[in-house]
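Novice: My file is run_27.cif. It has mmCIF, C-alpha atoms; chains and numbers go by the auth columns:
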data_coords
loop_
_atom_site.group_PDB
_atom_site.id
_atom_site.type_symbol
_atom_site.label_atom_id
_atom_site.label_comp_id
_atom_site.label_asym_id
_atom_site.label_seq_id
_atom_site.Cartn_x
_atom_site.Cartn_y
_atom_site.Cartn_z
_atom_site.B_iso_or_equiv
_atom_site.auth_seq_id
_atom_site.auth_asym_id
ATOM 1 C CA VAL A 1 17.484 -1.775 6.996 0.00 1 A
ATOM 2 C CA VAL A 2 16.670 -0.487 3.498 0.00 2 A
ATOM 3 C CA GLU A 3 17.070 3.214 2.640 0.00 3 A
ATOM 4 C CA TYR A 4 14.559 5.063 0.450 0.00 4 A
ATOM 5 C CA HIS A 5 14.554 8.647 -0.798 0.00 5 A
ATOM 6 C CA HIS A 6 11.637 10.869 -1.800 0.00 6 A
ATOM 7 C CA ALA A 7 13.027 13.302 -4.403 0.00 7 A
ATOM 8 C CA ARG A 8 10.243 15.902 -4.186 0.00 8 A
ATOM 9 C CA LEU A 9 10.377 16.043 -0.383 0.00 9 A
ATOM 10 C CA ASP A 10 14.144 15.429 -0.229 0.00 10 A
ATOM 11 C CA ARG A 11 13.571 13.038 2.687 0.00 11 A
ATOM 12 C CA TYR A 12 15.045 9.672 3.597 0.00 12 A
ATOM 13 C CA PHE A 13 13.109 6.740 5.025 0.00 13 A
ATOM 14 C CA TYR A 14 14.299 3.429 6.457 0.00 14 A
ATOM 15 C CA ALA A 15 12.260 0.245 6.335 0.00 15 A
ATOM 16 C CA THR A 16 12.827 -3.022 8.150 0.00 16 A
ATOM 17 C CA ASP A 17 9.399 -4.616 7.907 0.00 17 A
ATOM 18 C CA ALA A 18 8.803 -6.879 4.860 0.00 18 A
ATOM 19 C CA ASP A 19 5.270 -5.510 4.296 0.00 19 A
ATOM 20 C CA GLU A 20 6.499 -1.922 4.508 0.00 20 A
ATOM 21 C CA ILE A 21 9.331 -2.684 2.060 0.00 21 A
ATOM 22 C CA ALA A 22 6.851 -4.306 -0.349 0.00 22 A
ATOM 23 C CA ARG A 23 4.545 -1.249 -0.228 0.00 23 A
ATOM 24 C CA LEU A 24 7.462 1.057 -0.971 0.00 24 A
ATOM 25 C CA ASP A 25 8.928 -1.145 -3.722 0.00 25 A
ATOM 26 C CA THR A 26 5.599 -1.619 -5.526 0.00 26 A
ATOM 27 C CA GLY A 27 4.699 2.075 -5.406 0.00 27 A
ATOM 28 C CA ALA A 28 1.716 1.582 -3.081 0.00 28 A
ATOM 29 C CA THR A 29 3.333 4.347 -1.041 0.00 29 A
ATOM 30 C CA THR A 30 4.168 6.802 -3.806 0.00 30 A
ATOM 31 C CA GLY A 31 7.286 8.857 -4.366 0.00 31 A
ATOM 32 C CA TRP A 32 9.819 6.655 -2.623 0.00 32 A
ATOM 33 C CA THR A 33 12.685 4.891 -4.413 0.00 33 A
ATOM 34 C CA ARG A 34 15.525 2.776 -3.104 0.00 34 A
ATOM 35 C CA THR A 35 18.853 4.578 -2.912 0.00 35 A
ATOM 36 C CA GLY A 36 20.880 1.368 -3.064 0.00 36 A
ATOM 37 C CA GLU A 37 22.060 1.936 0.508 0.00 37 A
ATOM 38 C CA SER A 38 21.224 -0.403 3.372 0.00 38 A
ATOM 39 C CA PHE A 39 22.735 -1.740 6.553 0.00 39 A
ATOM 40 C CA GLY A 40 22.384 -4.862 8.651 0.00 40 A
ATOM 41 C CA ALA A 41 20.479 -4.978 11.911 0.00 41 A
ATOM 42 C CA LEU A 42 19.669 -7.402 14.654 0.00 42 A
ATOM 43 C CA PRO A 43 16.032 -8.531 14.431 0.00 43 A
ATOM 44 C CA ALA A 44 13.534 -6.945 16.799 0.00 44 A
ATOM 45 C CA GLY A 45 13.429 -8.960 19.992 0.00 45 A
ATOM 46 C CA THR A 46 17.118 -9.897 19.910 0.00 46 A
ATOM 47 C CA ARG A 47 18.329 -10.383 23.440 0.00 47 A
ATOM 48 C CA ALA A 48 22.100 -10.557 23.167 0.00 48 A
ATOM 49 C CA THR A 49 24.914 -8.987 25.144 0.00 49 A
ATOM 50 C CA TYR A 50 24.797 -5.203 24.692 0.00 50 A
ATOM 51 C CA ALA A 51 21.879 -5.372 22.186 0.00 51 A
ATOM 52 C CA LEU A 52 19.193 -2.753 22.744 0.00 52 A
ATOM 53 C CA PRO A 53 15.845 -2.093 21.068 0.00 53 A
ATOM 54 C CA VAL A 54 15.892 0.727 18.513 0.00 54 A
ATOM 55 C CA CYS A 55 12.831 2.961 18.729 0.00 55 A
ATOM 56 C CA ARG A 56 11.311 4.687 15.680 0.00 56 A
ATOM 57 C CA PHE A 57 9.554 8.036 15.935 0.00 57 A
ATOM 58 C CA LEU A 58 7.329 9.762 13.387 0.00 58 A
ATOM 59 C CA GLY A 59 7.242 13.540 13.312 0.00 59 A
ATOM 60 C CA VAL A 60 3.846 15.188 13.748 0.00 60 A
ATOM 61 C CA PRO A 61 3.083 17.113 10.512 0.00 61 A
ATOM 62 C CA GLU A 62 1.033 19.710 12.427 0.00 62 A
ATOM 63 C CA ALA A 63 4.227 20.501 14.338 0.00 63 A
ATOM 64 C CA GLY A 64 6.087 20.991 11.054 0.00 64 A
ATOM 65 C CA ILE A 65 7.916 17.671 11.222 0.00 65 A
ATOM 66 C CA ASP A 66 7.654 15.390 8.202 0.00 66 A
ATOM 67 C CA GLY A 67 10.021 12.558 8.920 0.00 67 A
ATOM 68 C CA HIS A 68 11.210 9.714 11.116 0.00 68 A
ATOM 69 C CA PHE A 69 14.134 9.088 13.377 0.00 69 A
ATOM 70 C CA PHE A 70 15.625 6.085 15.156 0.00 70 A
ATOM 71 C CA SER A 71 17.454 5.821 18.449 0.00 71 A
ATOM 72 C CA ALA A 72 19.274 2.936 20.087 0.00 72 A
ATOM 73 C CA SER A 73 19.372 4.870 23.349 0.00 73 A
ATOM 74 C CA PRO A 74 16.581 3.996 25.783 0.00 74 A
ATOM 75 C CA SER A 75 17.155 7.287 27.596 0.00 75 A
ATOM 76 C CA GLU A 76 16.872 9.286 24.358 0.00 76 A
ATOM 77 C CA CYS A 77 13.635 7.460 23.445 0.00 77 A
ATOM 78 C CA ALA A 78 12.209 8.226 26.890 0.00 78 A
ATOM 79 C CA THR A 79 13.331 11.869 26.729 0.00 79 A
ATOM 80 C CA VAL A 80 11.666 12.431 23.352 0.00 80 A
ATOM 81 C CA LEU A 81 8.431 10.884 24.646 0.00 81 A
ATOM 82 C CA ALA A 82 8.501 13.046 27.773 0.00 82 A
ATOM 83 C CA LYS A 83 9.609 16.358 26.262 0.00 83 A
ATOM 84 C CA TRP A 84 7.952 16.432 22.840 0.00 84 A
ATOM 85 C CA PRO A 85 4.778 14.309 22.790 0.00 85 A
ATOM 86 C CA ASP A 86 3.156 16.951 20.579 0.00 86 A
ATOM 87 C CA ARG A 87 6.062 16.814 18.073 0.00 87 A
ATOM 88 C CA TRP A 88 7.096 13.156 17.900 0.00 88 A
ATOM 89 C CA HIS A 89 4.891 10.052 17.888 0.00 89 A
ATOM 90 C CA LEU A 90 6.442 6.731 18.927 0.00 90 A
ATOM 91 C CA GLU A 91 5.715 4.344 16.040 0.00 91 A
ATOM 92 C CA THR A 92 7.462 1.406 17.621 0.00 92 A
ATOM 93 C CA SER A 93 9.664 0.877 20.634 0.00 93 A
ATOM 94 C CA GLU A 94 11.605 -1.800 18.725 0.00 94 A
ATOM 95 C CA ALA A 95 12.019 -1.442 14.964 0.00 95 A
ATOM 96 C CA PHE A 96 15.149 -3.597 15.247 0.00 96 A
ATOM 97 C CA SER A 97 17.966 -4.122 17.744 0.00 97 A
ATOM 98 C CA ALA A 98 21.469 -2.663 17.756 0.00 98 A
ATOM 99 C CA VAL A 99 24.323 -1.838 20.062 0.00 99 A
ATOM 100 C CA ALA A 100 24.292 1.708 21.386 0.00 100 A
ATOM 101 C CA PRO A 101 27.429 3.654 22.202 0.00 101 A
ATOM 102 C CA PRO A 102 29.277 3.898 24.382 0.00 102 A
ATOM 103 C CA THR A 103 29.847 0.228 25.005 0.00 103 A
ATOM 104 C CA PRO A 104 32.899 -1.571 26.356 0.00 104 A
ATOM 105 C CA PHE A 105 34.020 -1.837 22.749 0.00 105 A
ATOM 106 C CA THR A 106 33.829 0.459 19.744 0.00 106 A
ATOM 107 C CA CYS A 107 32.129 -1.535 16.993 0.00 107 A
ATOM 108 C CA GLU A 108 34.852 -4.115 16.452 0.00 108 A
ATOM 109 C CA PRO A 109 35.453 -3.851 12.702 0.00 109 A
ATOM 110 C CA ASP A 110 35.549 -7.600 12.107 0.00 110 A
ATOM 111 C CA TYR A 111 31.913 -8.019 13.165 0.00 111 A
ATOM 112 C CA TRP A 112 30.237 -4.628 13.550 0.00 112 A
ATOM 113 C CA GLN A 113 29.897 -1.372 11.695 0.00 113 A
ATOM 114 C CA ARG A 114 28.962 2.085 12.867 0.00 114 A
ATOM 115 C CA VAL A 115 25.728 3.719 11.814 0.00 115 A
ATOM 116 C CA TYR A 116 26.035 7.489 11.566 0.00 116 A
ATOM 117 C CA ARG A 117 22.932 9.598 12.205 0.00 117 A
ATOM 118 C CA LEU A 118 22.922 12.893 10.360 0.00 118 A
ATOM 119 C CA TYR A 119 20.535 15.741 11.073 0.00 119 A
ATOM 120 C CA ASP A 120 19.534 18.759 9.005 0.00 120 A
ATOM 121 C CA ALA A 121 17.136 21.419 10.267 0.00 121 A
ATOM 122 C CA ARG A 122 17.410 23.838 7.348 0.00 122 A
ATOM 123 C CA PHE A 123 14.275 22.552 5.596 0.00 123 A
ATOM 124 C CA GLY A 124 12.432 21.129 8.574 0.00 124 A
ATOM 125 C CA PRO A 125 14.001 18.423 10.690 0.00 125 A
ATOM 126 C CA ARG A 126 15.253 15.493 8.654 0.00 126 A
ATOM 127 C CA HIS A 127 17.593 12.593 9.341 0.00 127 A
ATOM 128 C CA ARG A 128 19.755 10.248 7.341 0.00 128 A
ATOM 129 C CA TYR A 129 21.463 7.067 8.543 0.00 129 A
ATOM 130 C CA THR A 130 24.495 5.554 6.858 0.00 130 A
ATOM 131 C CA VAL A 131 27.356 3.157 7.439 0.00 131 A
ATOM 132 C CA SER A 132 29.299 4.860 4.641 0.00 132 A
ATOM 133 C CA LEU A 133 32.035 7.277 5.671 0.00 133 A
ATOM 134 C CA ALA A 134 31.914 8.835 2.181 0.00 134 A
ATOM 135 C CA ILE A 135 28.173 9.578 2.510 0.00 135 A
ATOM 136 C CA ARG A 136 28.653 10.819 6.074 0.00 136 A
ATOM 137 C CA ASP A 137 31.433 13.164 5.019 0.00 137 A
ATOM 138 C CA ARG A 138 29.529 14.426 1.953 0.00 138 A
ATOM 139 C CA MET A 139 26.418 15.129 4.042 0.00 139 A
ATOM 140 C CA ARG A 140 28.519 16.891 6.680 0.00 140 A
ATOM 141 C CA ALA A 141 30.109 19.041 3.943 0.00 141 A
ATOM 142 C CA ASP A 142 26.553 19.915 2.825 0.00 142 A
ATOM 143 C CA GLY A 143 25.758 21.259 6.306 0.00 143 A
ATOM 144 C CA TRP A 144 24.285 18.185 8.006 0.00 144 A
ATOM 145 C CA ILE A 145 25.270 17.522 11.632 0.00 145 A
ATOM 146 C CA VAL A 146 26.523 14.133 12.831 0.00 146 A
ATOM 147 C CA GLU A 147 24.516 13.134 15.901 0.00 147 A
ATOM 148 C CA GLY A 148 25.271 10.416 18.393 0.00 148 A
ATOM 149 C CA ALA A 149 27.500 9.394 21.195 0.00 149 A
ATOM 150 C CA PRO A 150 29.946 9.267 22.688 0.00 150 A
ATOM 151 C CA LEU A 151 30.467 12.930 23.162 0.00 151 A
ATOM 152 C CA ASP A 152 33.637 12.303 25.095 0.00 152 A
ATOM 153 C CA GLY A 153 35.917 9.425 25.887 0.00 153 A
ATOM 154 C CA PRO A 154 38.592 7.551 23.974 0.00 154 A
ATOM 155 C CA TYR A 155 36.605 7.394 20.730 0.00 155 A
ATOM 156 C CA ASP A 156 37.505 8.956 17.425 0.00 156 A
ATOM 157 C CA GLU A 157 34.049 9.990 16.247 0.00 157 A
ATOM 158 C CA SER A 158 30.354 10.168 17.121 0.00 158 A
ATOM 159 C CA TYR A 159 27.971 7.524 15.853 0.00 159 A
ATOM 160 C CA ALA A 160 24.404 6.472 16.604 0.00 160 A
ATOM 161 C CA MET A 161 24.666 2.698 16.913 0.00 161 A
ATOM 162 C CA CYS A 162 26.548 -0.429 15.900 0.00 162 A
ATOM 163 C CA VAL A 163 25.019 -3.080 13.654 0.00 163 A
ATOM 164 C CA PRO A 164 26.320 -6.394 12.339 0.00 164 A
ATOM 165 C CA LYS A 165 28.182 -6.405 9.040 0.00 165 A
#
Reformat the file's structure so that it appears as structure tokens.
Specialist:
Amino acid sequence: VVEYHHARLDRYFYATDADEIARLDTGATTGWTRTGESFGALPAGTRATYALPVCRFLGVPEAGIDGHFFSASPSECATVLAKWPDRWHLETSEAFSAVAPPTPFTCEPDYWQRVYRLYDARFGPRHRYTVSLAIRDRMRADGWIVEGAPLDGPYDESYAMCVPK
């Protein structure tokens, strides 16, 4: 999953599709540049123990939302579709696959890494995803909120999903 940033909009975008990555890298979709950040993912269609499809939503500009967000939670994807069909459009029900918390394990560090989902509503809703604790902590210090699960239990922090290293 490759991260891009649009400096003028101050938005982040994440691409997994080779054609989409090519359009962004060649400038066919203007304004976006790679940040140098990325994270692994299970390919769409992966049917492995605990792997779930990750949905990708696009905000409806007429609703004041200029951005995307991902979720590895089937219930969150369904809730967004049911509650805000006029605000969020489902682009794909499976951009890639990941493990959603909570699971019987907590992203075993030898094989998995946590993806942190950060949210900022100060300039319209926007999200950023990172596996970097330094980026997560810097964004949090800048006023972004860490979203994810679990909200309780024997875990030390919230995260959005687990992906392979």
Novice: Would you kindly return, as a list of chain:residue names, each protein, DNA or RNA residue with an atom no farther than 8 Å from any atom of Glu94 in chain A, considering only C-alpha atoms and excluding same-chain residues fewer than 4 positions away?
Specialist: A:Ala44, A:Gly45, A:Pro53, A:Val54, A:Cys55, A:Arg56
Novice: Specify as a ChimeraX atom specification each residue included when the PyMOL selection byres ((chain A and resi 113-130) around 10) is applied to this file.
Specialist: /A:1,3,5,9-14,37-40,59,64-71,98-101,106-112,131-136,139-140,142-149,157-165
Novice: Could you please determine the separation between CA of Trp84 in chain A and CA of Phe96 in chain A in Å, to one decimal place?
Specialist: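 We find that CA of Trp84 in chain A and CA of Phe96 in chain A lie 22.6 Å from each other.
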Novice: At what distance in Å, to one decimal, does CA of Pro85 in chain A lie from CA of Glu20 in chain A?
Specialist: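 Taking CA of Glu20 in chain A and CA of Pro85 in chain A, their separation equals 24.5 Å.
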Novice: CA of Ala95 in chain A and CA of Gly36 in chain A, how far apart in Å?
Specialist: 20.3 Å
